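The next block is run22.cif, given as mmCIF, C-alpha atoms.
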data_coords
#
loop_
_atom_site.label_atom_id
_atom_site.label_comp_id
_atom_site.auth_asym_id
_atom_site.auth_seq_id
_atom_site.Cartn_x
_atom_site.Cartn_y
_atom_site.Cartn_z
CA MET J 123 -24.43 -20.32 26.71
CA ILE J 124 -24.13 -23.48 24.64
CA LYS J 125 -23.55 -21.34 21.58
CA ARG J 126 -20.66 -19.56 23.31
CA MET J 127 -19.03 -22.87 24.18
CA PHE J 128 -19.34 -24.09 20.60
CA ILE J 129 -17.76 -20.89 19.31
CA TRP J 130 -14.77 -21.33 21.64
CA LEU J 131 -14.43 -24.97 20.65
CA ALA J 132 -14.46 -24.08 16.95
CA LEU J 133 -11.76 -21.43 17.45
CA LEU J 134 -9.65 -23.86 19.47
CA GLY J 135 -9.96 -26.42 16.67
CA LEU J 136 -8.81 -23.81 14.17
CA ILE J 137 -5.73 -22.98 16.27
CA LEU J 138 -4.87 -26.68 16.57
CA MET J 139 -5.13 -26.99 12.80
CA PHE J 140 -2.65 -24.14 12.28
CA LEU J 141 -0.03 -25.31 14.81
CA PRO J 142 1.78 -28.01 12.72
CA PHE J 143 2.36 -25.39 10.05
CA LEU J 144 4.12 -23.09 12.50
CA ARG J 145 6.19 -25.71 14.22
CA ASP J 146 8.51 -26.75 11.41
CA PHE J 147 8.55 -23.69 9.24
CA ASP J 148 11.68 -21.88 8.19
CA PHE J 149 12.23 -19.44 5.35
CA HIS J 150 13.57 -20.75 2.11
CA LYS J 151 17.26 -20.55 1.34
CA GLU J 152 17.03 -20.40 -2.46
CA LEU J 153 14.38 -19.32 -4.91
CA GLY J 154 12.28 -22.03 -6.46
CA ASP J 155 12.45 -23.07 -10.09
CA LEU J 156 9.40 -21.16 -11.28
CA SER J 157 10.50 -17.85 -9.75
CA SER J 158 14.00 -18.16 -11.25
CA GLN J 159 12.46 -18.83 -14.64
CA TYR J 160 10.22 -15.77 -14.38
CA ILE J 161 13.11 -13.52 -13.35
CA GLN J 162 15.36 -14.77 -16.16
CA GLY J 163 12.55 -14.39 -18.68
CA SER J 164 11.89 -10.88 -17.47
CA ILE J 165 15.54 -9.94 -18.13
CA ASP J 166 16.03 -11.75 -21.43
CA ASP J 167 12.69 -12.01 -23.25
CA ILE J 168 10.56 -9.09 -22.14
CA LYS J 169 13.19 -6.61 -20.84
CA THR J 170 11.12 -5.27 -17.97
CA GLN J 171 12.64 -3.83 -14.82
CA ASN J 172 9.73 -4.49 -12.50
CA VAL J 173 9.42 -8.27 -12.20
CA VAL J 174 6.05 -8.13 -10.39
CA THR J 175 4.60 -6.18 -13.35
CA SER J 176 5.79 -8.76 -15.84
CA VAL J 177 4.32 -11.57 -13.71
CA VAL J 178 0.93 -9.83 -13.35
CA VAL J 179 0.58 -8.76 -16.99
CA THR J 180 2.32 -11.49 -18.97
CA TYR J 181 2.94 -14.70 -17.13
CA ARG J 182 -0.29 -14.56 -15.11
CA GLY J 183 -2.32 -12.46 -17.54
CA LEU J 184 -5.41 -14.65 -17.30
CA ASP J 185 -5.62 -14.03 -13.54
CA THR J 186 -5.68 -10.29 -14.19
CA LEU J 187 -8.47 -10.78 -16.71
CA GLY J 188 -10.42 -12.71 -14.08
CA GLU J 189 -9.86 -10.00 -11.50
CA VAL J 190 -11.13 -7.33 -13.89
CA THR J 191 -14.24 -9.46 -14.43
CA VAL J 192 -14.87 -9.81 -10.67
CA LEU J 193 -14.52 -6.05 -10.23
CA PHE J 194 -17.03 -5.48 -13.03
CA LEU J 195 -19.52 -7.88 -11.41
CA ALA J 196 -19.20 -6.16 -8.03
CA THR J 197 -19.77 -2.74 -9.59
CA ALA J 198 -22.83 -4.03 -11.45
CA GLY J 199 -24.17 -5.48 -8.20
CA VAL J 200 -23.72 -2.23 -6.27
CA GLY J 201 -25.25 -0.23 -9.12
CA PHE J 202 -28.24 -2.55 -9.23
CA LEU J 203 -28.90 -2.57 -5.48
CA LEU J 204 -28.63 1.15 -4.78
CA ARG J 205 -30.71 2.29 -7.66
CA LYS J 206 -33.28 4.75 -6.44
CA LYS J 207 -32.16 8.18 -5.40
CA ASN J 208 -33.64 9.38 -2.13
CA LYS J 209 -34.89 12.89 -1.77
CA ILE J 210 -32.25 15.49 -1.35
CA LEU J 211 -32.00 17.13 2.04
CA LYS J 212 -31.07 20.74 2.39
CA SER J 213 -27.26 20.90 2.19
CA ARG J 214 -24.89 23.74 2.78
CA VAL J 215 -22.75 25.32 0.13
CA SER J 216 -19.10 24.65 0.95
CA SER J 217 -16.72 27.52 1.57
CA GLU J 218 -14.63 29.33 -1.02
CA LEU J 219 -11.36 27.93 0.32
CA LEU J 220 -12.54 24.34 -0.02
CA GLN J 221 -13.84 24.76 -3.54
CA THR J 222 -10.72 26.47 -4.89
CA GLY J 223 -8.34 24.13 -3.10
CA SER J 224 -10.13 21.00 -4.28
CA GLN J 225 -10.11 22.12 -7.91
CA PHE J 226 -6.37 22.80 -7.70
CA LEU J 227 -5.53 19.52 -6.02
CA PHE J 228 -7.72 17.51 -8.39
CA VAL J 229 -5.41 18.18 -11.34
CA LEU J 230 -2.27 17.34 -9.35
CA ILE J 231 -3.63 14.02 -8.08
CA ILE J 232 -4.79 12.92 -11.54
CA LEU J 233 -1.34 13.77 -12.94
CA THR J 234 0.32 11.64 -10.23
CA GLY J 235 -2.02 8.75 -11.02
CA ILE J 236 -1.26 8.87 -14.75
CA TYR J 237 2.48 9.00 -14.00
CA ILE J 238 2.25 5.91 -11.80
CA PHE J 239 0.46 3.71 -14.27
CA THR J 240 2.50 4.68 -17.30
CA HIS J 241 5.78 3.98 -15.45
CA GLY J 242 4.54 0.66 -14.14
CA HIS J 243 7.32 -1.33 -15.78
CA LEU J 244 10.15 0.82 -14.37
CA THR J 245 9.26 1.67 -10.77
CA PRO J 246 7.02 0.06 -8.16
CA GLY J 247 3.46 0.81 -9.10
CA GLY J 248 1.31 -0.04 -12.05
CA GLY J 249 -2.31 -0.09 -13.13
CA PHE J 250 -4.07 -0.85 -9.85
CA GLN J 251 -2.29 1.79 -7.80
CA GLY J 252 -2.75 4.47 -10.49
CA GLY J 253 -6.43 3.65 -10.85
CA VAL J 254 -6.99 3.99 -7.10
CA LEU J 255 -5.26 7.39 -7.15
CA ILE J 256 -7.62 8.57 -9.89
CA THR J 257 -10.56 7.44 -7.77
CA THR J 258 -9.17 9.43 -4.84
CA ALA J 259 -9.14 12.57 -6.98
CA PHE J 260 -12.84 12.14 -7.80
CA LEU J 261 -13.56 11.39 -4.16
CA LEU J 262 -12.07 14.77 -3.25
CA LEU J 263 -14.55 16.43 -5.59
CA ILE J 264 -17.48 14.49 -4.10
CA LEU J 265 -16.50 15.45 -0.54
CA ALA J 266 -15.99 19.11 -1.34
CA ASP J 267 -19.24 19.76 -3.16
CA VAL J 268 -22.13 17.57 -2.09
CA ASN J 269 -24.41 18.41 -5.01
CA LEU J 270 -21.97 17.33 -7.68
CA LYS J 271 -23.46 15.13 -10.35
CA PHE J 272 -21.16 13.05 -12.51
CA ASN J 273 -21.71 12.62 -16.18
CA HIS J 274 -22.54 8.94 -16.04
CA SER J 275 -22.26 8.39 -19.77
CA ILE J 276 -18.58 9.38 -19.84
CA LEU J 277 -17.78 6.95 -17.01
CA LEU J 278 -19.70 4.22 -18.83
CA VAL J 279 -17.87 4.84 -22.12
CA VAL J 280 -14.40 4.89 -20.51
CA GLU J 281 -15.03 1.69 -18.58
CA SER J 282 -16.50 -0.31 -21.47
CA PHE J 283 -13.91 0.73 -24.01
CA SER J 284 -10.93 0.06 -21.79
CA GLY J 285 -12.24 -3.40 -20.97
CA ALA J 286 -12.95 -4.19 -24.63
CA PHE J 287 -9.55 -2.93 -25.80
CA TYR J 288 -7.80 -5.00 -23.15
CA VAL J 289 -9.33 -8.20 -24.54
CA LEU J 290 -8.68 -7.05 -28.12
CA ILE J 291 -4.98 -6.53 -27.48
CA GLY J 292 -4.86 -9.97 -25.94
CA LEU J 293 -6.46 -11.47 -29.04
CA LEU J 294 -4.01 -9.56 -31.27
CA GLY J 295 -1.28 -11.69 -29.77
CA ILE J 296 -2.99 -14.84 -31.05
CA LEU J 297 -3.51 -13.30 -34.50
CA LEU J 298 -0.02 -11.99 -35.00
CA ILE J 299 2.25 -14.53 -33.34
CA GLY J 300 0.71 -17.90 -32.83
CA ILE J 301 -1.92 -19.90 -31.06
CA ASN J 302 0.00 -20.02 -27.76
CA SER J 303 0.43 -16.31 -27.16
CA PHE J 304 -2.64 -14.76 -25.62
CA LEU J 305 -1.57 -11.45 -24.03
CA ASP J 306 1.99 -11.60 -25.36
CA PRO J 307 3.72 -8.24 -25.04
CA THR J 308 6.15 -8.79 -27.88
CA ILE J 309 3.63 -7.63 -30.47
CA MET J 310 5.04 -4.13 -30.08
CA PRO J 311 8.77 -3.49 -30.37
CA LEU J 312 10.82 -4.17 -27.25
CA GLY J 313 13.14 -1.25 -26.66
CA SER J 314 16.23 -1.23 -24.50
CA PHE J 315 16.23 -2.10 -20.84
CA GLY J 316 15.15 0.78 -18.67
CA LYS J 317 13.68 3.33 -21.02
CA LEU J 318 10.10 4.54 -20.91
CA ILE J 319 9.13 3.28 -24.38
CA SER J 320 10.16 -0.30 -23.84
CA ALA J 321 8.78 -3.67 -22.78
CA GLY J 322 6.42 -4.07 -25.71
CA ALA J 323 2.73 -3.75 -25.02
CA ILE J 324 3.01 -3.78 -21.19
CA PRO J 325 2.50 0.01 -20.66
CA VAL J 326 -0.52 -0.02 -22.97
CA ILE J 327 -2.12 -3.00 -21.23
CA TYR J 328 -1.46 -1.62 -17.76
CA SER J 329 -2.83 1.83 -18.67
CA LEU J 330 -6.07 0.25 -19.84
CA VAL J 331 -6.32 -1.78 -16.63
CA GLY J 332 -5.69 1.39 -14.59
CA LEU J 333 -8.42 3.34 -16.37
CA LYS J 334 -10.88 0.49 -15.95
CA VAL J 335 -10.21 0.08 -12.22
CA GLY J 336 -10.39 3.84 -11.65
CA SER J 337 -13.71 4.31 -13.40
CA GLU J 338 -15.30 1.28 -11.71
CA LEU J 339 -14.30 2.37 -8.21
CA THR J 340 -15.56 5.89 -8.97
CA THR J 341 -18.93 4.41 -9.93
CA ILE J 342 -19.10 2.49 -6.65
CA LEU J 343 -18.27 5.59 -4.61
CA ASP J 344 -20.74 7.73 -6.49
CA LYS J 345 -23.60 5.29 -5.93
CA MET J 346 -22.87 4.89 -2.24
CA GLY J 347 -22.01 8.45 -1.29
CA GLY J 348 -23.65 10.91 -3.60
CA GLU J 349 -27.00 12.25 -2.62
CA MET T 63 16.34 -5.19 14.04
CA ILE T 64 13.54 -5.85 11.60
CA SER T 65 12.11 -8.50 13.93
CA ILE T 66 11.84 -6.00 16.78
CA ILE T 67 9.97 -3.48 14.62
CA ILE T 68 7.58 -6.16 13.34
CA MET T 69 6.93 -7.35 16.90
CA VAL T 70 6.11 -3.83 18.15
CA LEU T 71 3.84 -3.11 15.19
CA GLY T 72 2.19 -6.50 15.67
CA ILE T 73 1.29 -5.76 19.29
CA ILE T 74 -0.28 -2.44 18.28
CA MET T 75 -2.22 -4.15 15.48
CA ILE T 76 -3.67 -6.80 17.79
CA ILE T 77 -4.76 -4.17 20.32
CA ALA T 78 -6.41 -2.21 17.50
CA ALA T 79 -8.17 -5.40 16.27
CA PHE T 80 -9.64 -6.03 19.73
CA LEU T 81 -10.76 -2.40 19.96
CA ALA T 82 -12.37 -2.56 16.50
CA ILE T 83 -14.54 -5.47 17.60
CA HIS T 84 -15.51 -4.39 21.11
CA LEU T 85 -16.04 -0.63 20.92
CA LYS T 86 -19.64 0.53 21.07
CA ASN T 87 -19.26 3.69 19.01
CA LEU T 88 -19.30 2.61 15.35
CA LEU T 89 -17.15 5.49 14.10
CA SER T 90 -14.29 4.60 16.48
CA ALA T 91 -14.45 0.96 15.41
CA ILE T 92 -14.16 1.93 11.73
CA ILE T 93 -11.12 4.12 12.41
CA SER T 94 -9.42 1.28 14.31
CA ALA T 95 -9.88 -0.96 11.27
CA GLY T 96 -8.20 1.76 9.20
CA VAL T 97 -5.23 1.83 11.60
CA ILE T 98 -4.79 -1.95 11.15
CA SER T 99 -4.50 -1.54 7.36
CA LEU T 100 -2.02 1.34 7.73
CA LEU T 101 0.31 -0.67 9.97
CA ALA T 102 -0.01 -3.68 7.64
CA SER T 103 1.27 -1.46 4.82
CA VAL T 104 4.41 -0.65 6.87
CA ILE T 105 4.97 -4.38 7.49
CA TYR T 106 4.73 -5.09 3.76
CA LEU T 107 7.47 -2.53 3.14
CA LEU T 108 9.71 -4.21 5.73
CA LEU T 109 9.13 -7.57 4.00
CA ALA T 110 10.52 -6.16 0.68
CA ALA T 111 7.25 -5.90 -1.31
CA PRO T 112 6.81 -2.23 -2.35
CA ASP T 113 3.96 -2.77 -4.85
CA VAL T 114 1.81 -4.47 -2.26
CA ALA T 115 2.59 -1.74 0.30
CA MET T 116 1.44 0.99 -2.09
CA THR T 117 -1.77 -0.84 -2.97
CA GLU T 118 -2.65 -1.66 0.65
CA ALA T 119 -2.00 1.91 1.84
CA ALA T 120 -4.27 3.36 -0.85
CA ILE T 121 -7.06 0.79 -0.70
CA GLY T 122 -7.04 -0.49 2.86
CA SER T 123 -6.70 2.67 4.87
CA GLY T 124 -8.20 4.99 2.28
CA LEU T 125 -11.10 3.60 0.32
CA THR T 126 -12.32 0.98 2.82
CA THR T 127 -12.68 3.54 5.61
CA ILE T 128 -14.46 5.93 3.23
CA ILE T 129 -17.05 3.40 2.09
CA PHE T 130 -17.78 2.42 5.71
CA ILE T 131 -18.35 6.10 6.56
CA PHE T 132 -20.60 6.55 3.51
CA THR T 133 -22.67 3.58 4.71
CA LEU T 134 -23.03 5.16 8.14
CA LYS T 135 -24.14 8.39 6.52
CA LYS T 136 -26.84 6.66 4.51
CA ILE T 137 -28.08 4.80 7.57
CA ARG T 138 -28.15 7.78 9.90
CA LYS T 139 -30.05 9.89 7.43
CA GLY T 140 -33.23 8.08 8.46
CA ASP T 141 -33.15 8.19 12.23
CA LEU T 142 -30.66 9.18 14.85
CA ASP T 143 -29.99 5.90 16.63
CA ASP T 144 -27.24 3.50 15.57
CA MET P 176 11.02 -13.62 10.85
CA ILE P 177 8.48 -16.07 12.08
CA PHE P 178 6.69 -13.19 13.87
CA SER P 179 4.83 -11.97 10.81
CA ILE P 180 3.25 -15.37 10.22
CA ILE P 181 2.11 -15.60 13.86
CA LEU P 182 0.71 -12.06 13.53
CA GLY P 183 -1.23 -13.04 10.42
CA PHE P 184 -2.74 -16.09 12.12
CA LEU P 185 -3.71 -14.06 15.19
CA LEU P 186 -5.48 -11.48 13.03
CA LEU P 187 -7.32 -14.30 11.21
CA ILE P 188 -8.53 -15.78 14.52
CA ILE P 189 -9.60 -12.40 15.93
CA GLY P 190 -11.50 -11.61 12.73
CA ILE P 191 -13.38 -14.94 12.76
CA TYR P 192 -14.16 -14.49 16.46
CA GLY P 193 -15.58 -11.05 15.69
CA MET P 194 -17.72 -12.39 12.86
CA LEU P 195 -19.18 -15.13 15.05
CA THR P 196 -20.02 -13.22 18.23
CA GLN P 197 -21.06 -9.72 17.25
CA LYS P 198 -24.66 -8.77 16.68
CA ASN P 199 -24.27 -5.49 14.80
CA LEU P 200 -24.21 -5.93 11.02
CA ILE P 201 -21.44 -3.39 10.45
CA LYS P 202 -19.21 -5.06 13.06
CA ILE P 203 -19.56 -8.33 11.11
CA VAL P 204 -18.34 -6.61 7.93
CA ILE P 205 -15.40 -5.08 9.87
CA GLY P 206 -14.49 -8.59 11.05
CA PHE P 207 -14.51 -9.81 7.43
CA SER P 208 -12.12 -7.01 6.47
CA ILE P 209 -9.74 -7.99 9.30
CA VAL P 210 -9.74 -11.64 8.09
CA ASP P 211 -8.73 -10.39 4.62
CA THR P 212 -5.82 -8.35 5.98
CA GLY P 213 -4.53 -11.25 8.06
CA THR P 214 -4.57 -13.67 5.11
CA HIS P 215 -2.63 -11.28 2.92
CA ILE P 216 0.08 -10.83 5.56
CA ILE P 217 0.55 -14.61 5.73
CA ILE P 218 0.90 -14.94 1.95
CA VAL P 219 3.42 -12.11 1.56
CA SER P 220 5.59 -13.32 4.43
CA ILE P 221 5.89 -16.79 2.86
CA GLY P 222 7.71 -15.27 -0.09
CA TYR P 223 10.39 -13.53 1.99
CA LEU P 224 14.02 -14.66 1.98
CA ARG P 225 16.53 -13.31 4.45
CA ASN P 226 18.84 -10.42 3.53
CA ARG P 227 17.50 -9.93 0.05
CA THR P 228 16.04 -6.91 -1.65
CA ALA P 229 12.85 -6.02 -3.52
CA PRO P 230 12.23 -7.57 -6.99
CA ILE P 231 12.95 -4.40 -9.00
CA LEU P 232 16.00 -4.80 -11.26
CA ASP P 233 17.43 -1.28 -11.18
CA GLY P 234 20.99 -0.18 -10.39
CA ALA P 235 21.19 -1.84 -6.99
CA VAL P 236 20.94 -5.37 -8.40
CA ASP P 237 23.49 -6.66 -10.89
CA LEU P 238 21.86 -8.56 -13.70
CA ALA P 239 24.27 -11.43 -13.99
CA ASN P 240 23.12 -13.28 -10.90
CA ALA P 241 19.83 -11.58 -10.14
CA THR P 242 18.22 -14.78 -8.90
CA LYS P 243 20.49 -14.73 -5.86
CA GLN P 244 19.61 -11.22 -4.75
CA VAL P 245 15.88 -10.70 -4.96
CA VAL P 246 12.85 -11.84 -3.02
CA ASP P 247 10.25 -14.14 -4.56
CA PRO P 248 7.97 -12.10 -6.87
CA ILE P 249 5.05 -14.51 -7.19
CA PRO P 250 3.31 -13.99 -3.77
CA SER P 251 3.40 -10.21 -4.31
CA ALA P 252 1.60 -10.61 -7.63
CA LEU P 253 -1.09 -12.82 -6.07
CA VAL P 254 -1.72 -10.47 -3.13
CA LEU P 255 -1.94 -7.45 -5.45
CA THR P 256 -5.01 -8.93 -7.13
CA ALA P 257 -6.48 -10.16 -3.85
CA ILE P 258 -6.48 -6.74 -2.18
CA VAL P 259 -8.56 -5.16 -4.96
CA ILE P 260 -11.03 -8.05 -4.97
CA GLY P 261 -11.36 -7.75 -1.17
CA LEU P 262 -12.38 -4.13 -1.53
CA ALA P 263 -14.99 -4.94 -4.19
CA VAL P 264 -16.56 -7.70 -2.05
CA THR P 265 -16.66 -5.42 1.02
CA ALA P 266 -18.45 -2.73 -1.03
CA LEU P 267 -21.04 -5.29 -2.19
CA MET P 268 -21.60 -6.49 1.40
CA LEU P 269 -22.13 -2.94 2.62
CA SER P 270 -24.69 -2.21 -0.06
CA PHE P 271 -26.57 -5.32 1.10
CA VAL P 272 -26.48 -3.89 4.66
CA ILE P 273 -28.00 -0.63 3.39
CA LYS P 274 -30.86 -2.45 1.64
CA LEU P 275 -31.57 -4.61 4.69
CA TYR P 276 -31.68 -1.54 6.90
CA GLN P 277 -34.09 0.19 4.55
CA LYS P 278 -36.46 -2.77 4.83
CA ASN P 279 -36.48 -3.47 8.57
CA LYS P 280 -35.00 -0.36 10.19
CA SER P 281 -32.71 -2.35 12.46
CA LEU P 282 -28.98 -3.10 12.48
CA SER P 283 -29.06 -6.10 14.80
CA ILE P 284 -28.92 -9.55 13.29
CA ASP P 285 -31.50 -10.90 15.75
CA ASP P 286 -34.27 -9.10 13.87
CA TYR P 287 -33.70 -10.96 10.61
CA GLN P 288 -35.08 -14.33 11.61
CA GLU P 289 -37.38 -14.95 8.67
CA LEU P 290 -35.31 -17.73 7.13
CA LYS P 291 -34.91 -19.81 10.30
CA TRP P 292 -37.07 -22.79 10.79
#
Output the file's structure in the form of structure tokens.
Amino acid sequence: MIKRMFIWLALLGLILMFLPFLRDFDFHKELGDLSSQYIQGSIDDIKTQNVVTSVVVTYRGLDTLGEVTVLFLATAGVGFLLRKKNKILKSRVSSELLQTGSQFLFVLIILTGIYIFTHGHLTPGGGFQGGVLITTAFLLLILADVNLKFNHSILLVVESFSGAFYVLIGLLGILLIGINSFLDPTIMPLGSFGKLISAGAIPVIYSLVGLKVGSELTTILDKMGGE
Amino acid sequence: MISIIIMVLGIIMIIAAFLAIHLKNLLSAIISAGVISLLASVIYLLLAAPDVAMTEAAIGSGLTTIIFIFTLKKIRKGDLDD
Amino acid sequence: MIFSIILGFLLLIIGIYGMLTQKNLIKIVIGFSIVDTGTHIIIVSIGYLRNRTAPILDGAVDLANATKQVVDPIPSALVLTAIVIGLAVTALMLSFVIKLYQKNKSLSIDDYQELKW
């Protein structure tokens, strides 16, 4: 009873803390200085159509490196906790329709995922969305055939190499240009505005991030769901 | 026009949030949480952020629901009570 | 469009209420996921300006004065990272729930009283 009253008091305090923010809030009329600078730099210096991609990969590249690290730690934690395989119960063999359909759809979904993360600088999308689509394709295989075993060494190799190459490309920027350019995409030639081979090293960096995210999420799903 | 759509979607999301907390059947609660993420993805599209909408639709209402259901499967393999 | 900010705050409050009052471990993790969604809606709706379009510079936006036609791109970039991290943390919490259940065979938080004084 007392605990209930304290919970209601705490929630009421939280609402009272949020109210001054709501009372005199109105949307901005103009963009701030930092956003204008990022949009101008994305047109002039990097020649990328998708401004959010250029912010995530170039201007805030260290945050993306931190996010990849957090994802790696979470995968390591899940892999450590769910280590022992339980004994396998008797499971049914899935029907012919499901097996054929899932093999056909698997190729189409992986192709869509690769399209999304290689065109990340032209259309909405990028590495994270493409990686999640690749994980969905592997999830379809897990759901269709319960006794599927993944080749864990291939997943391990893909994940480690894409993470290592991401940091190596970042360090190449320091070697080739100067001490201030970690993760600079101008190490590769900038093409014209709007073509597929353009925007320097951004498609390469985003593809590596997409492969890393896809393989890590597949590892998490395999540990939690596979028998 | 956009305000009216956001208000209607908001009312449905709050009802789904209450249902996700108070329902006794765990499977229904998990699906209500998935509905919240799906409607949030539509709101992101109305607020002119297409990258965020794509990511939230794939992760929030796809992968989060699936890992909750995998957890339920591992728990119910032992005994039959929730 | 002040409605989206009020919606985000209401989802935050409902999620915290769910985490504080429920006894089932999986309901607590569902409440955490609702708090995440509410916070992301607040951040994205701060970066919205009226009558402007998405920050993709294709044919619909003319490049000469692009800073007067697009929405702020920075909150979108922050929320993109935050959604993926939210999923990873939820997966880690659920694997903790599985290990706790394998030890004590109970999903109610009243049976895990060993650390209380």
Sel. within 9 Å of pt (-3.3, -10.4, 12.5), counting all atoms listed in the file, output as an MDAnalysis selection string
(chainID T and resid 72 75:76 79 98 102) or (chainID P and resid 179:190 209:210 212:214 216:217)
Write the residues you've just listed into a file as a compact mmCIF listing (two decimals), in the coordinates of the input, and include C-alpha atoms for each of them.
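Okay, this is what ended up in result_36.txt:
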# COMPACT_ATOMS: atom_id res chain seq x y z
CA GLY T 72 2.19 -6.50 15.67
CA MET T 75 -2.22 -4.15 15.48
CA ILE T 76 -3.67 -6.80 17.79
CA ALA T 79 -8.17 -5.40 16.27
CA ILE T 98 -4.79 -1.95 11.15
CA ALA T 102 -0.01 -3.68 7.64
CA SER P 179 4.83 -11.97 10.81
CA ILE P 180 3.25 -15.37 10.22
CA ILE P 181 2.11 -15.60 13.86
CA LEU P 182 0.71 -12.06 13.53
CA GLY P 183 -1.23 -13.04 10.42
CA PHE P 184 -2.74 -16.09 12.12
CA LEU P 185 -3.71 -14.06 15.19
CA LEU P 186 -5.48 -11.48 13.03
CA LEU P 187 -7.32 -14.30 11.21
CA ILE P 188 -8.53 -15.78 14.52
CA ILE P 189 -9.60 -12.40 15.93
CA GLY P 190 -11.50 -11.61 12.73
CA ILE P 209 -9.74 -7.99 9.30
CA VAL P 210 -9.74 -11.64 8.09
CA THR P 212 -5.82 -8.35 5.98
CA GLY P 213 -4.53 -11.25 8.06
CA THR P 214 -4.57 -13.67 5.11
CA ILE P 216 0.08 -10.83 5.56
CA ILE P 217 0.55 -14.61 5.73
Give as an NGL selection string every residue, naming chains and numbers as the document does, that has an atom within 9 Å of (4.8, -3.9, 9.1), counting all atoms listed in the file.
(:T and (67-69 or 71-72 or 100-109)) or (:P and (179))
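Nearest-residue note for chain J: choosing from T:Val97, T:Ile92, T:Ala111, T:Met63, the minimum distance belongs to T:Ala111, counting only C-alpha atoms.
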Set out as a Markdown table a contact list for chain J and chain T with a cut-off of 6 Å, giving each residue of chain J that qualifies its closest atom pair and distance in Å to one decimal, counting all atoms listed in the file, ordered by chain and rising residue number.
| residue | atom | partner | partner_atom | distance |
| --- | --- | --- | --- | --- |
| J:Pro246 | CA | T:Asp113 | CA | 5.3 |
| J:Gly247 | CA | T:Asp113 | CA | 5.6 |
| J:Gln251 | CA | T:Thr117 | CA | 5.5 |
| J:Gly347 | CA | T:Phe132 | CA | 5.4 |
Go ahead and dump the residues you just picked, C-alpha atoms, as a short mmCIF file (atom, residue, chain, number, x, y, z; two decimals), in the coordinates of the input.
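Saved result, result06.cif, follows:
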data_model
loop_
_atom_site.label_atom_id
_atom_site.label_comp_id
_atom_site.auth_asym_id
_atom_site.auth_seq_id
_atom_site.Cartn_x
_atom_site.Cartn_y
_atom_site.Cartn_z
CA PRO J 246 7.02 0.06 -8.16
CA GLY J 247 3.46 0.81 -9.10
CA GLN J 251 -2.29 1.79 -7.80
CA GLY J 347 -22.01 8.45 -1.29
#
May I have the residues of chain J within 6 Å of chain P, counting only C-alpha atoms, written as a ChimeraX atom specification?
/J:158,171-174,178,196,200
Could you tell me how far atom CA of Met346 of chain J lies from atom CA of Arg205 of chain J, in Å and to one decimal?
9.9 Å
Residues near Leu333 of chain J, anyone? I mean within 12 Å using all atoms listed in the file, not counting same-chain ones fewer than 3 positions away, as a VMD selection string.
chain J and resid 190 232 235 to 236 238 to 240 248 to 257 277 to 285 287 to 288 326 to 330 336 to 340
Would you please work out which residue, of T:Ser94, T:Ser65, T:Arg138, T:Ser123, is nearest to chain P when using only C-alpha atoms?
T:Ser65
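Atom CA of Val331 of chain J is found 9.3 Å from atom CA of Leu187 of chain J.
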If I take atom CA of Thr186 of chain J and atom CA of Ile324 of chain J, how far is one from the other in Å, to one decimal?
12.9 Å
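Among the candidates T:Ile66, T:Leu85, T:Ile73, T:Ala110, the one nearest to chain P when counting all atoms listed in the file is T:Ala110.
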